[in-house]
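Structure file upload-v7.txt; described as compact mmCIF, C-alpha atoms and all ligand atoms.
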```txt
# COMPACT_ATOMS: atom_id res chain seq x y z
CA MET A 27 39.42 -18.02 -16.15
CA HIS A 28 39.50 -15.80 -19.19
CA ASP A 29 37.17 -17.76 -21.41
CA LEU A 30 35.44 -14.64 -22.70
CA GLY A 31 32.89 -16.59 -24.69
CA LEU A 32 31.71 -18.16 -21.47
CA PHE A 33 31.15 -14.72 -19.93
CA SER A 34 29.25 -13.59 -23.02
CA ALA A 35 27.03 -16.64 -22.75
CA ALA A 36 26.52 -16.14 -19.00
CA LEU A 37 25.40 -12.57 -19.63
CA GLY A 38 23.12 -13.70 -22.43
CA LEU A 39 24.82 -11.43 -24.91
CA GLY A 40 24.12 -11.91 -28.61
CA GLU A 41 25.29 -10.36 -31.84
CA PRO A 42 26.87 -7.85 -32.12
CA TRP A 43 27.73 -7.69 -28.41
CA GLU A 44 30.43 -9.76 -26.71
CA VAL A 45 32.65 -9.69 -23.65
CA VAL A 46 36.07 -8.51 -24.75
CA GLY A 47 37.85 -8.19 -21.44
CA VAL A 48 37.68 -9.41 -17.86
CA GLN A 49 39.51 -7.86 -14.97
CA PHE A 50 39.39 -9.38 -11.55
CA ASP A 51 40.56 -7.38 -8.55
CA ALA A 52 40.66 -9.67 -5.51
CA GLU A 53 41.74 -6.91 -3.17
CA ARG A 54 38.89 -4.58 -4.07
CA ARG A 55 36.56 -7.53 -4.48
CA ARG A 56 35.58 -6.34 -7.86
CA LEU A 57 34.98 -7.97 -11.21
CA ASP A 58 34.97 -5.77 -14.29
CA LEU A 59 33.62 -7.02 -17.57
CA ARG A 60 34.34 -5.09 -20.68
CA VAL A 61 31.63 -5.43 -23.34
CA ASP A 62 31.90 -4.18 -26.89
CA PHE A 63 30.15 -4.49 -30.21
CA ARG A 64 31.74 -6.13 -33.23
CA LYS A 65 33.66 -3.71 -35.37
CA GLY A 66 31.60 -2.37 -38.24
CA ALA A 67 28.32 -3.45 -36.61
CA ARG A 68 25.20 -1.55 -37.51
CA PHE A 69 22.16 -0.98 -35.31
CA PRO A 70 18.48 -0.30 -35.83
CA CYS A 71 17.27 3.26 -35.14
CA PRO A 72 15.87 3.31 -31.58
CA GLU A 73 13.13 5.66 -32.78
CA CYS A 74 11.72 3.95 -35.88
CA GLY A 75 13.48 0.60 -35.93
CA ALA A 76 15.02 1.21 -39.35
CA ALA A 77 17.77 -1.41 -39.64
CA GLY A 78 21.40 -0.89 -40.58
CA CYS A 79 22.11 2.53 -39.12
CA LYS A 80 25.78 3.44 -39.04
CA VAL A 81 27.50 4.19 -35.75
CA HIS A 82 28.06 7.93 -35.37
CA ASP A 83 30.04 7.95 -32.13
CA THR A 84 30.12 6.16 -28.78
CA GLU A 85 29.97 7.02 -25.10
CA SER A 86 31.38 4.80 -22.38
CA HIS A 87 29.04 3.74 -19.58
CA THR A 88 29.35 1.43 -16.58
CA TRP A 89 26.54 -0.62 -15.02
CA ARG A 90 26.44 -2.44 -11.74
CA HIS A 91 25.62 -6.08 -12.32
CA LEU A 92 24.72 -9.00 -10.03
CA ASN A 93 27.48 -9.90 -7.62
CA PHE A 94 29.90 -12.61 -8.67
CA PHE A 95 29.94 -14.46 -5.34
CA GLN A 96 31.21 -11.82 -2.87
CA HIS A 97 32.59 -9.63 -5.64
CA GLU A 98 30.75 -6.66 -7.02
CA ALA A 99 30.48 -7.02 -10.77
CA TYR A 100 30.42 -4.19 -13.28
CA LEU A 101 29.86 -4.03 -17.02
CA THR A 102 31.48 -1.30 -19.05
CA ALA A 103 30.68 -0.69 -22.69
CA ARG A 104 30.88 1.89 -25.42
CA VAL A 105 27.27 2.76 -26.15
CA PRO A 106 26.88 3.75 -29.78
CA ARG A 107 24.86 6.61 -31.15
CA VAL A 108 23.61 5.84 -34.63
CA GLU A 109 22.60 8.02 -37.48
CA CYS A 110 19.11 7.52 -38.89
CA GLY A 111 18.19 9.26 -42.12
CA GLU A 112 14.85 10.16 -40.58
CA HIS A 113 15.65 10.84 -36.92
CA GLY A 114 19.24 11.99 -36.87
CA VAL A 115 21.69 10.88 -34.21
CA LYS A 116 20.15 8.65 -31.52
CA GLN A 117 21.61 6.57 -28.70
CA VAL A 118 21.14 2.83 -29.08
CA GLN A 119 19.32 0.89 -26.38
CA VAL A 120 21.67 -1.78 -25.00
CA PRO A 121 20.00 -5.14 -24.33
CA TRP A 122 21.20 -5.50 -20.72
CA ALA A 123 19.98 -2.21 -19.26
CA ARG A 124 17.24 0.37 -19.68
CA GLY A 125 17.52 4.04 -20.55
CA ARG A 126 19.90 5.92 -18.31
CA SER A 127 20.04 3.40 -15.50
CA ASP A 128 23.35 2.63 -13.80
CA PHE A 129 22.28 -0.95 -13.20
CA THR A 130 21.76 -3.96 -15.44
CA LEU A 131 18.24 -5.35 -15.83
CA LEU A 132 19.25 -8.44 -13.88
CA PHE A 133 20.47 -6.31 -10.99
CA GLU A 134 17.20 -4.36 -11.07
CA ALA A 135 15.24 -7.60 -11.16
CA LEU A 136 17.07 -8.69 -8.01
CA VAL A 137 16.28 -5.35 -6.32
CA MET A 138 12.59 -5.66 -7.21
CA ALA A 139 12.45 -9.23 -5.90
CA LEU A 140 14.07 -8.11 -2.64
CA ALA A 141 11.82 -5.05 -2.38
CA ARG A 142 8.83 -7.34 -2.02
CA GLU A 143 10.40 -8.95 1.01
CA MET A 144 12.48 -6.35 2.83
CA PRO A 145 12.86 -2.61 3.50
CA VAL A 146 14.60 -0.53 0.86
CA LYS A 147 17.20 0.60 3.37
CA ALA A 148 18.13 -3.00 4.09
CA ILE A 149 18.47 -3.72 0.37
CA GLY A 150 20.82 -0.76 0.11
CA GLY A 151 22.92 -2.24 2.88
CA LEU A 152 22.88 -5.69 1.32
CA VAL A 153 24.07 -4.56 -2.11
CA SER A 154 26.20 -1.63 -0.87
CA GLU A 155 24.32 1.06 -2.75
CA HIS A 156 22.79 4.22 -1.31
CA ASP A 157 19.09 3.72 -0.73
CA THR A 158 18.13 6.71 -2.88
CA LYS A 159 19.44 4.71 -5.84
CA ILE A 160 17.41 1.69 -4.77
CA TRP A 161 14.28 3.86 -4.40
CA ARG A 162 14.83 5.18 -7.92
CA ILE A 163 14.68 1.63 -9.30
CA VAL A 164 11.64 0.72 -7.21
CA HIS A 165 9.77 3.89 -8.20
CA HIS A 166 10.48 3.31 -11.87
CA TYR A 167 9.07 -0.21 -12.03
CA VAL A 168 6.17 0.41 -9.66
CA ASP A 169 5.13 3.49 -11.66
CA LEU A 170 5.19 1.44 -14.86
CA ALA A 171 3.08 -1.30 -13.31
CA VAL A 172 0.60 1.19 -11.83
CA GLU A 173 0.19 2.83 -15.22
CA ALA A 174 -0.24 -0.53 -16.96
CA GLN A 175 -3.26 -1.49 -14.82
CA ASP A 176 -6.51 -2.43 -16.53
CA LEU A 177 -9.40 -1.29 -14.32
CA SER A 178 -12.19 -2.11 -16.75
CA GLY A 179 -13.57 -4.67 -14.29
CA THR A 180 -13.52 -2.53 -11.16
CA GLY A 181 -17.03 -2.13 -9.78
CA ARG A 182 -16.75 -2.42 -6.00
CA LEU A 183 -14.50 -0.01 -4.25
CA GLY A 184 -13.08 0.37 -0.76
CA ILE A 185 -11.68 3.73 0.34
CA ASP A 186 -9.56 4.14 3.44
CA ASP A 187 -6.97 6.53 4.73
CA THR A 188 -3.68 5.66 6.31
CA SER A 189 -1.13 7.96 7.88
CA PHE A 190 2.61 8.17 7.77
CA ARG A 191 5.03 10.36 9.69
CA ARG A 192 3.37 9.77 13.06
CA GLY A 193 -0.10 10.56 11.85
CA GLN A 194 0.69 13.96 10.41
CA ASP A 195 0.24 13.16 6.75
CA TYR A 196 -2.32 10.95 5.11
CA VAL A 197 -2.76 9.04 1.92
CA SER A 198 -6.05 7.60 0.63
CA VAL A 199 -6.01 4.03 -0.62
CA PHE A 200 -8.57 2.91 -3.21
CA CYS A 201 -9.05 -0.84 -3.27
CA ASP A 202 -10.83 -3.12 -5.68
CA LEU A 203 -13.06 -5.11 -3.32
CA ASP A 204 -13.89 -7.82 -5.82
CA PRO A 205 -13.04 -11.11 -4.07
CA GLY A 206 -10.87 -12.09 -7.03
CA GLU A 207 -8.90 -8.85 -6.85
CA ARG A 208 -8.78 -7.47 -3.32
CA ARG A 209 -5.92 -5.14 -3.97
CA ALA A 210 -4.92 -1.50 -3.83
CA VAL A 211 -5.40 0.02 -7.29
CA PHE A 212 -4.83 3.71 -6.59
CA VAL A 213 -3.18 5.76 -3.85
CA ALA A 214 -3.63 9.53 -3.54
CA GLU A 215 -2.06 12.04 -1.19
CA GLY A 216 -4.38 13.50 1.41
CA ARG A 217 -7.82 12.35 2.50
CA ASP A 218 -10.07 15.02 1.10
CA GLN A 219 -12.79 15.04 -1.50
CA GLN A 220 -10.30 15.67 -4.31
CA THR A 221 -8.74 12.23 -3.79
CA VAL A 222 -12.00 10.70 -5.04
CA GLU A 223 -11.96 13.00 -8.05
CA GLN A 224 -8.38 11.92 -8.76
CA PHE A 225 -9.40 8.29 -8.50
CA ALA A 226 -12.30 8.80 -10.92
CA GLY A 227 -9.88 10.35 -13.43
CA PHE A 228 -7.37 7.54 -12.96
CA LEU A 229 -10.12 4.96 -13.42
CA ALA A 230 -11.26 6.56 -16.68
CA ASP A 231 -7.65 6.64 -17.92
CA HIS A 232 -7.23 2.93 -17.23
CA GLY A 233 -10.12 1.35 -19.05
CA GLY A 234 -12.69 1.89 -16.30
CA ASP A 235 -15.68 4.14 -15.97
CA PRO A 236 -16.66 6.08 -12.83
CA GLU A 237 -20.29 5.16 -13.61
CA GLN A 238 -19.51 1.46 -13.31
CA ILE A 239 -18.63 1.79 -9.61
CA THR A 240 -21.80 0.55 -7.95
CA GLU A 241 -20.60 -0.11 -4.41
CA VAL A 242 -18.30 1.92 -2.20
CA CYS A 243 -17.22 0.93 1.28
CA GLN A 244 -15.76 3.73 3.38
CA ASP A 245 -15.60 5.23 6.84
CA MET A 246 -18.08 7.94 7.79
CA SER A 247 -15.84 10.68 6.48
CA VAL A 248 -17.80 13.60 5.07
CA ALA A 249 -15.05 14.32 2.55
CA TYR A 250 -15.08 10.85 0.94
CA LEU A 251 -18.87 10.84 0.94
CA ALA A 252 -19.02 14.17 -0.86
CA GLY A 253 -16.41 12.97 -3.34
CA VAL A 254 -18.32 9.76 -4.01
CA ARG A 255 -21.63 11.59 -4.51
CA GLU A 256 -20.02 13.92 -7.00
CA HIS A 257 -17.60 11.70 -8.90
CA LEU A 258 -18.95 8.16 -8.51
CA ALA A 259 -22.58 9.06 -8.95
CA LYS A 260 -23.92 5.51 -9.40
CA ALA A 261 -22.30 4.18 -6.23
CA GLN A 262 -24.20 3.07 -3.13
CA VAL A 263 -22.26 3.56 0.06
CA THR A 264 -21.73 1.02 2.82
CA PHE A 265 -20.09 2.34 5.95
CA ASP A 266 -17.28 0.05 6.90
CA ARG A 267 -18.25 -1.93 9.98
CA TYR A 268 -14.79 -1.73 11.53
CA HIS A 269 -14.83 2.03 11.35
CA VAL A 270 -18.34 2.14 12.83
CA LYS A 271 -17.19 -0.12 15.63
CA GLN A 272 -14.14 2.08 16.17
CA LYS A 273 -16.37 5.11 16.72
CA LEU A 274 -18.27 3.14 19.33
CA SER A 275 -15.02 2.14 21.04
CA GLU A 276 -14.08 5.81 21.21
CA ALA A 277 -17.43 6.57 22.83
CA ILE A 278 -16.96 3.85 25.47
CA ASP A 279 -13.47 5.07 26.17
CA ALA A 280 -14.77 8.62 26.62
CA VAL A 281 -17.29 7.36 29.20
CA ARG A 282 -14.56 5.48 31.05
CA ARG A 283 -12.16 8.44 31.04
CA ALA A 284 -14.77 10.80 32.43
CA GLU A 285 -15.81 8.32 35.10
CA ALA A 286 -12.22 7.46 36.04
CA LYS A 287 -11.89 10.96 37.46
CA ARG A 288 -14.48 10.04 40.06
CA HIS A 289 -13.56 6.36 40.51
CA LYS A 290 -9.85 6.38 40.09
CA GLU A 291 -9.12 3.21 42.10
CA LEU A 292 -11.78 1.12 40.42
CA LEU A 293 -11.10 2.10 36.82
CA LYS A 294 -7.35 2.54 36.82
CA GLY A 295 -5.68 0.44 34.12
CA THR A 296 -8.95 -1.01 32.83
CA ARG A 297 -9.00 0.57 29.37
CA TYR A 298 -8.56 -2.64 27.38
CA LEU A 299 -11.01 -4.63 29.49
CA TRP A 300 -13.79 -2.56 27.94
CA LEU A 301 -12.47 -2.33 24.41
CA LYS A 302 -11.56 -5.94 23.71
CA ARG A 303 -14.19 -8.55 23.13
CA PRO A 304 -14.52 -10.80 26.20
CA ASP A 305 -13.33 -13.86 24.24
CA ASN A 306 -10.09 -12.02 23.57
CA LEU A 307 -9.36 -11.44 27.27
CA THR A 308 -7.15 -13.64 29.44
CA VAL A 309 -8.63 -15.58 32.36
CA LYS A 310 -7.11 -13.05 34.77
CA GLN A 311 -8.61 -10.13 32.85
CA LEU A 312 -12.01 -11.87 32.78
CA ASP A 313 -11.93 -12.26 36.58
CA TRP A 314 -11.12 -8.59 36.93
CA LEU A 315 -13.91 -7.67 34.53
CA ASP A 316 -16.39 -9.83 36.51
CA GLN A 317 -15.56 -7.88 39.66
CA LEU A 318 -16.17 -4.58 37.89
CA LEU A 319 -19.44 -5.64 36.27
CA VAL A 320 -21.24 -5.78 39.63
CA GLN A 321 -20.34 -2.15 40.34
CA PRO A 322 -22.87 0.60 39.52
CA LEU A 323 -20.62 2.14 36.87
CA GLU A 324 -21.55 4.12 33.79
CA THR A 325 -18.68 2.38 32.03
CA VAL A 326 -20.39 -0.96 32.65
CA ARG A 327 -23.60 0.28 31.07
CA ALA A 328 -21.70 1.65 28.07
CA TRP A 329 -19.88 -1.66 27.70
CA GLU A 330 -23.12 -3.64 27.81
CA LEU A 331 -24.55 -1.44 25.09
CA SER A 332 -21.47 -2.04 22.96
CA LEU A 333 -21.87 -5.82 23.21
CA LYS A 334 -25.48 -5.47 22.11
CA PHE A 335 -24.36 -3.32 19.21
CA ASP A 336 -21.97 -6.05 18.05
CA ASP A 337 -24.95 -8.38 17.65
CA PHE A 338 -26.37 -6.08 14.98
CA TYR A 339 -23.73 -7.44 12.60
CA GLU A 340 -24.55 -11.03 13.53
CA LEU A 341 -28.20 -10.86 12.50
CA GLY A 342 -29.30 -12.78 9.44
CA ASP A 343 -32.08 -10.76 7.85
CA PRO A 344 -31.82 -7.09 6.85
CA ALA A 345 -35.32 -6.11 7.96
CA GLY A 346 -34.79 -7.64 11.39
CA ALA A 347 -31.42 -5.92 11.62
CA GLU A 348 -32.97 -2.52 10.96
CA GLU A 349 -35.57 -3.11 13.66
CA TYR A 350 -32.84 -4.25 16.05
CA LEU A 351 -30.69 -1.19 15.36
CA ARG A 352 -33.66 1.14 15.84
CA ARG A 353 -34.27 -0.32 19.29
CA TRP A 354 -30.56 -0.11 20.11
CA VAL A 355 -30.44 3.56 19.13
CA GLY A 356 -33.44 4.18 21.42
CA GLU A 357 -31.67 2.47 24.30
CA ALA A 358 -28.45 4.37 23.72
CA LYS A 359 -30.31 7.65 23.64
CA ASP A 360 -32.04 6.78 26.92
CA SER A 361 -28.72 5.89 28.54
CA GLU A 362 -27.91 9.47 29.53
CA LEU A 363 -24.34 8.69 28.53
CA GLU A 364 -23.38 11.64 26.34
CA PRO A 365 -20.75 9.88 24.14
CA LEU A 366 -23.20 7.02 23.46
CA ILE A 367 -25.98 9.44 22.60
CA LYS A 368 -23.69 11.17 20.13
CA PHE A 369 -22.76 7.83 18.60
CA ALA A 370 -26.44 6.90 18.26
CA GLU A 371 -27.13 10.23 16.52
CA MET A 372 -24.25 9.59 14.16
CA LEU A 373 -25.77 6.22 13.27
CA GLU A 374 -29.08 7.91 12.50
CA ALA A 375 -27.33 10.44 10.28
CA HIS A 376 -25.66 7.56 8.37
CA TRP A 377 -28.57 5.15 8.59
CA GLU A 378 -28.80 3.72 5.06
CA GLY A 379 -25.06 3.21 4.74
CA VAL A 380 -24.79 1.45 8.09
CA LEU A 381 -27.71 -0.84 7.25
CA ARG A 382 -26.46 -1.46 3.75
CA TRP A 383 -23.80 -3.76 5.17
CA HIS A 384 -26.56 -6.35 5.59
CA ARG A 385 -27.18 -6.32 1.84
CA THR A 386 -23.64 -6.00 0.51
CA ARG A 387 -21.54 -7.58 3.25
CA VAL A 388 -18.65 -5.52 1.94
CA SER A 389 -16.17 -4.09 4.34
CA ASN A 390 -12.65 -2.84 4.17
CA GLY A 391 -12.08 -5.22 7.03
CA LEU A 392 -12.99 -7.99 4.60
CA LEU A 393 -9.60 -7.03 3.39
CA GLU A 394 -7.94 -7.40 6.73
CA GLY A 395 -5.17 -9.14 4.87
CA LEU A 396 -4.83 -5.97 2.85
CA ASN A 397 -4.83 -3.77 5.96
CA SER A 398 -1.98 -5.73 7.45
CA LEU A 399 -0.12 -5.44 4.15
CA ILE A 400 -0.54 -1.67 4.29
CA GLN A 401 0.84 -1.70 7.83
CA ALA A 402 3.78 -3.68 6.51
CA ALA A 403 4.23 -1.07 3.77
CA LYS A 404 4.26 1.62 6.42
CA ARG A 405 6.98 -0.15 8.37
CA ARG A 406 9.04 -0.52 5.23
CA ALA A 407 8.66 3.11 4.22
CA ARG A 408 9.50 4.23 7.74
CA GLY A 409 12.27 6.78 7.94
CA TYR A 410 11.46 8.08 4.47
CA ARG A 411 9.77 11.37 4.88
CA SER A 412 7.90 11.39 1.66
CA ALA A 413 4.42 10.46 0.55
CA ARG A 414 5.93 9.28 -2.73
CA ASN A 415 7.87 6.49 -1.00
CA TYR A 416 4.90 5.50 1.12
CA LYS A 417 2.59 5.37 -1.90
CA THR A 418 5.08 3.27 -3.83
CA MET A 419 5.38 0.83 -0.91
CA ILE A 420 1.60 0.45 -0.72
CA TYR A 421 1.42 -0.35 -4.42
CA LEU A 422 4.32 -2.75 -4.11
CA VAL A 423 3.03 -4.62 -1.08
CA ALA A 424 -0.77 -4.38 -1.53
CA GLY A 425 -1.19 -3.83 -5.28
CA LYS A 426 -0.46 -7.36 -6.57
CA LEU A 427 1.29 -5.65 -9.47
CA ASN A 428 4.41 -7.77 -9.80
CA PRO A 429 6.58 -4.90 -11.02
CA GLY A 430 10.04 -5.44 -12.46
CA PRO A 431 11.99 -5.60 -15.70
CA GLN A 432 10.83 -7.86 -18.50
CA LEU A 433 13.64 -10.37 -18.84
CA THR A 434 13.78 -12.45 -21.97
ZN ZN A 501 14.75 6.47 -37.21
```

Spell out the structure here as structure tokens.
Amino acid sequence: MHDLGLFSAALGLGEPWEVVGVQFDAERRRLDLRVDFRKGARFPCPECGAAGCKVHDTESHTWRHLNFFQHEAYLTARVPRVECGEHGVKQVQVPWARGRSDFTLLFEALVMALAREMPVKAIGGLVSEHDTKIWRIVHHYVDLAVEAQDLSGTGRLGIDDTSFRRGQDYVSVFCDLDPGERRAVFVAEGRDQQTVEQFAGFLADHGGDPEQITEVCQDMSVAYLAGVREHLAKAQVTFDRYHVKQKLSEAIDAVRRAEAKRHKELLKGTRYLWLKRPDNLTVKQLDWLDQLLVQPLETVRAWELSLKFDDFYELGDPAGAEEYLRRWVGEAKDSELEPLIKFAEMLEAHWEGVLRWHRTRVSNGLLEGLNSLIQAAKRRARGYRSARNYKTMIYLVAGKLNPGPQLT
């Protein structure tokens, strides 16, 4: 049991460190390993690397290590402070932990591996540590990985907002839309114009250049658009087709709601019949829809217009698509359905960016995988009332950053 050399080897300890004591407490389910440096050992200065610095004094510290089966394992060691002729008295960096952490690198590596797969709170429960301590580890490594990003190749950008805390607070997610990347590269608090300015600064600090962003895909938000015009001056904007479609869905729903006041019996419980595509409805729902379609309802007319609008995105040639959309806008405006007229006017006000989809084919929905990852991040950050935690989860889940300690 007490083959100390074996424990030293298992921990990967090398000169001058070795395990000098092992205490096993079956009742408390705890394994304590005492680590010490060889007497008379000298250390390099942590500041300049100058070898052979004499130990000035030591301070005892304990780190949580990976469990030994069902037993919590702890390392305790005297951490030396050395005296460098140049830098004075400095604390030595031990090889099994970083800075002031209370955990070994291997324990932190385990936490980071788990954090990719499960909520932080659940990790806390699994390893019997308070989740604020787990968050501290996750923040540390995610921050490092975010800062280490090289954005010199980022040229096509997707911007989208996502809310936390029941839609009260927002963060803006900036994604590299390059098919080889498709990942969140920057997350900012809020969804105003300044978030774009922050992104441009971050880009410049990470090897990129705001002038090299040539394509931006975003919703029809005035704030993002103003930010892009000002801070990403070379970018052409495509309005994300899923957001455009969402605006149309809102318009159809507004028509239905208004009409339901007059035709309560007919329209009760029909909301999703009009918002889903027919091929996504069940046979029963389709039968119901068929019965409604023969009625002289405004909702039916709005729905028919929405199906026609969907075809705009199916057309092959950009010139034909523009012609098609122009006719559709005319029809919508003649419909006398106020929400549809407003939608048509919004399309006219965003004309180039809506049409541009036919040239770029970029959309944030192209990243539907990414959207679902961001939803997963939201679920995992749930219960944590801070934008910081939510941002970190987005980076962790949708950033493809692979954060964690460098183990040798
Ligand atoms: Zn030094």

- Write out as a PyMOL selection string the residues lying within 9 Å of Lys260 (chain A), counting only C-alpha atoms and excluding same-chain residues fewer than 3 positions away. chain A and resi 236-241+254-255+257

- Task: Would you list the residues that come within 6 Å of ligand ZN 501 (chain A)? Count all atoms listed in the file and give the answer as a VMD selection string.
- Result: chain A and resid 71 73 to 74 76 110 112 to 113

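Picture a line from CA of Trp89 (chain A) to CA of Thr102 (chain A); it runs 6.4 Å.
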
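Neighbours of Phe335 (chain A) closer than or equal to 10 Å, with all atoms listed in the file counted and sequence neighbours fewer than 5 positions away skipped, come out as Lys271, Leu274, Trp329, Glu330, Glu340, Tyr350, Leu351, Trp354, Val355 and Ala358 of chain A.
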
- Message: Set the distance at 8 Å and use only C-alpha atoms: which residues neighbour region 396-408 of chain A once local chain neighbours fewer than 5 positions away are removed? I'd like the list as a PyMOL selection string.
- Response: chain A and resi 144-146+190-191+208-209+391+415-416+419-420+423-424

Mind writing the picked residues with C-alpha atoms as an mmCIF file, in the coordinates of the input?
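Output contents, as saved in result-v2.cif:
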```
data_model
loop_
_atom_site.group_PDB
_atom_site.id
_atom_site.type_symbol
_atom_site.label_atom_id
_atom_site.label_comp_id
_atom_site.auth_asym_id
_atom_site.auth_seq_id
_atom_site.Cartn_x
_atom_site.Cartn_y
_atom_site.Cartn_z
ATOM 1 C CA MET A 144 12.480 -6.350 2.830
ATOM 2 C CA PRO A 145 12.860 -2.610 3.500
ATOM 3 C CA VAL A 146 14.600 -0.530 0.860
ATOM 4 C CA PHE A 190 2.610 8.170 7.770
ATOM 5 C CA ARG A 191 5.030 10.360 9.690
ATOM 6 C CA ARG A 208 -8.780 -7.470 -3.320
ATOM 7 C CA ARG A 209 -5.920 -5.140 -3.970
ATOM 8 C CA GLY A 391 -12.080 -5.220 7.030
ATOM 9 C CA ASN A 415 7.870 6.490 -1.000
ATOM 10 C CA TYR A 416 4.900 5.500 1.120
ATOM 11 C CA MET A 419 5.380 0.830 -0.910
ATOM 12 C CA ILE A 420 1.600 0.450 -0.720
ATOM 13 C CA VAL A 423 3.030 -4.620 -1.080
ATOM 14 C CA ALA A 424 -0.770 -4.380 -1.530
#
```

- Query: Between CA of Glu223 (chain A) and CA of Asp204 (chain A), what is the distance, to one decimal in Å?
  - Reply: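 Between CA of Glu223 (chain A) and CA of Asp204 (chain A) the gap works out to 21.0 Å.
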
Show which residues sit within 9 Å of Val263 (chain A), as a short mmCIF file (atom, residue, chain, number, x, y, z; two decimals) with C-alpha atoms, keeping the file's coordinate frame. Count all atoms listed in the file, and ignore same-chain residues fewer than 6 positions away.
```cif
data_model
loop_
_atom_site.label_atom_id
_atom_site.label_comp_id
_atom_site.auth_asym_id
_atom_site.auth_seq_id
_atom_site.Cartn_x
_atom_site.Cartn_y
_atom_site.Cartn_z
CA THR A 240 -21.80 0.55 -7.95
CA GLU A 241 -20.60 -0.11 -4.41
CA VAL A 242 -18.30 1.92 -2.20
CA CYS A 243 -17.22 0.93 1.28
CA GLN A 244 -15.76 3.73 3.38
CA LEU A 251 -18.87 10.84 0.94
CA VAL A 254 -18.32 9.76 -4.01
CA GLU A 378 -28.80 3.72 5.06
CA GLY A 379 -25.06 3.21 4.74
CA VAL A 380 -24.79 1.45 8.09
CA ARG A 382 -26.46 -1.46 3.75
#
```

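Considering the residues A:Thr158, A:Ser275, A:Thr180, A:Thr130 and counting only C-alpha atoms, Pro431 (chain A) has its shortest atom-to-atom contact with A:Thr130.
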
- Point-to-point distance from CA of Lys359 (chain A) to CA of Arg327 (chain A), Å rounded to tenths: 12.4 Å

- Message: Taking all atoms listed in the file into account, name the residue in A:Ala252, A:Ala230, A:Met246, A:Ala261 that is nearest to Trp377 (chain A).
- Response: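 Closest to Trp377 (chain A), using all atoms listed in the file: A:Met246.
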
- Query: When distances are computed from only C-alpha atoms, which of A:Trp161, A:Tyr339, A:Phe265, A:Phe129 shows the smallest separation from Leu183 (chain A)?
  - Reply: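 Among the listed residues, the smallest separation from Leu183 (chain A) belongs to A:Phe265.
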
- Query: From the set A:Gly114, A:Gly66, A:Pro429, A:Gly342, which residue has the shortest atom-to-atom contact distance to Gly78 (chain A), counting all atoms listed in the file?
  - Reply: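 Smallest separation from Gly78 (chain A) among the options: A:Gly66.
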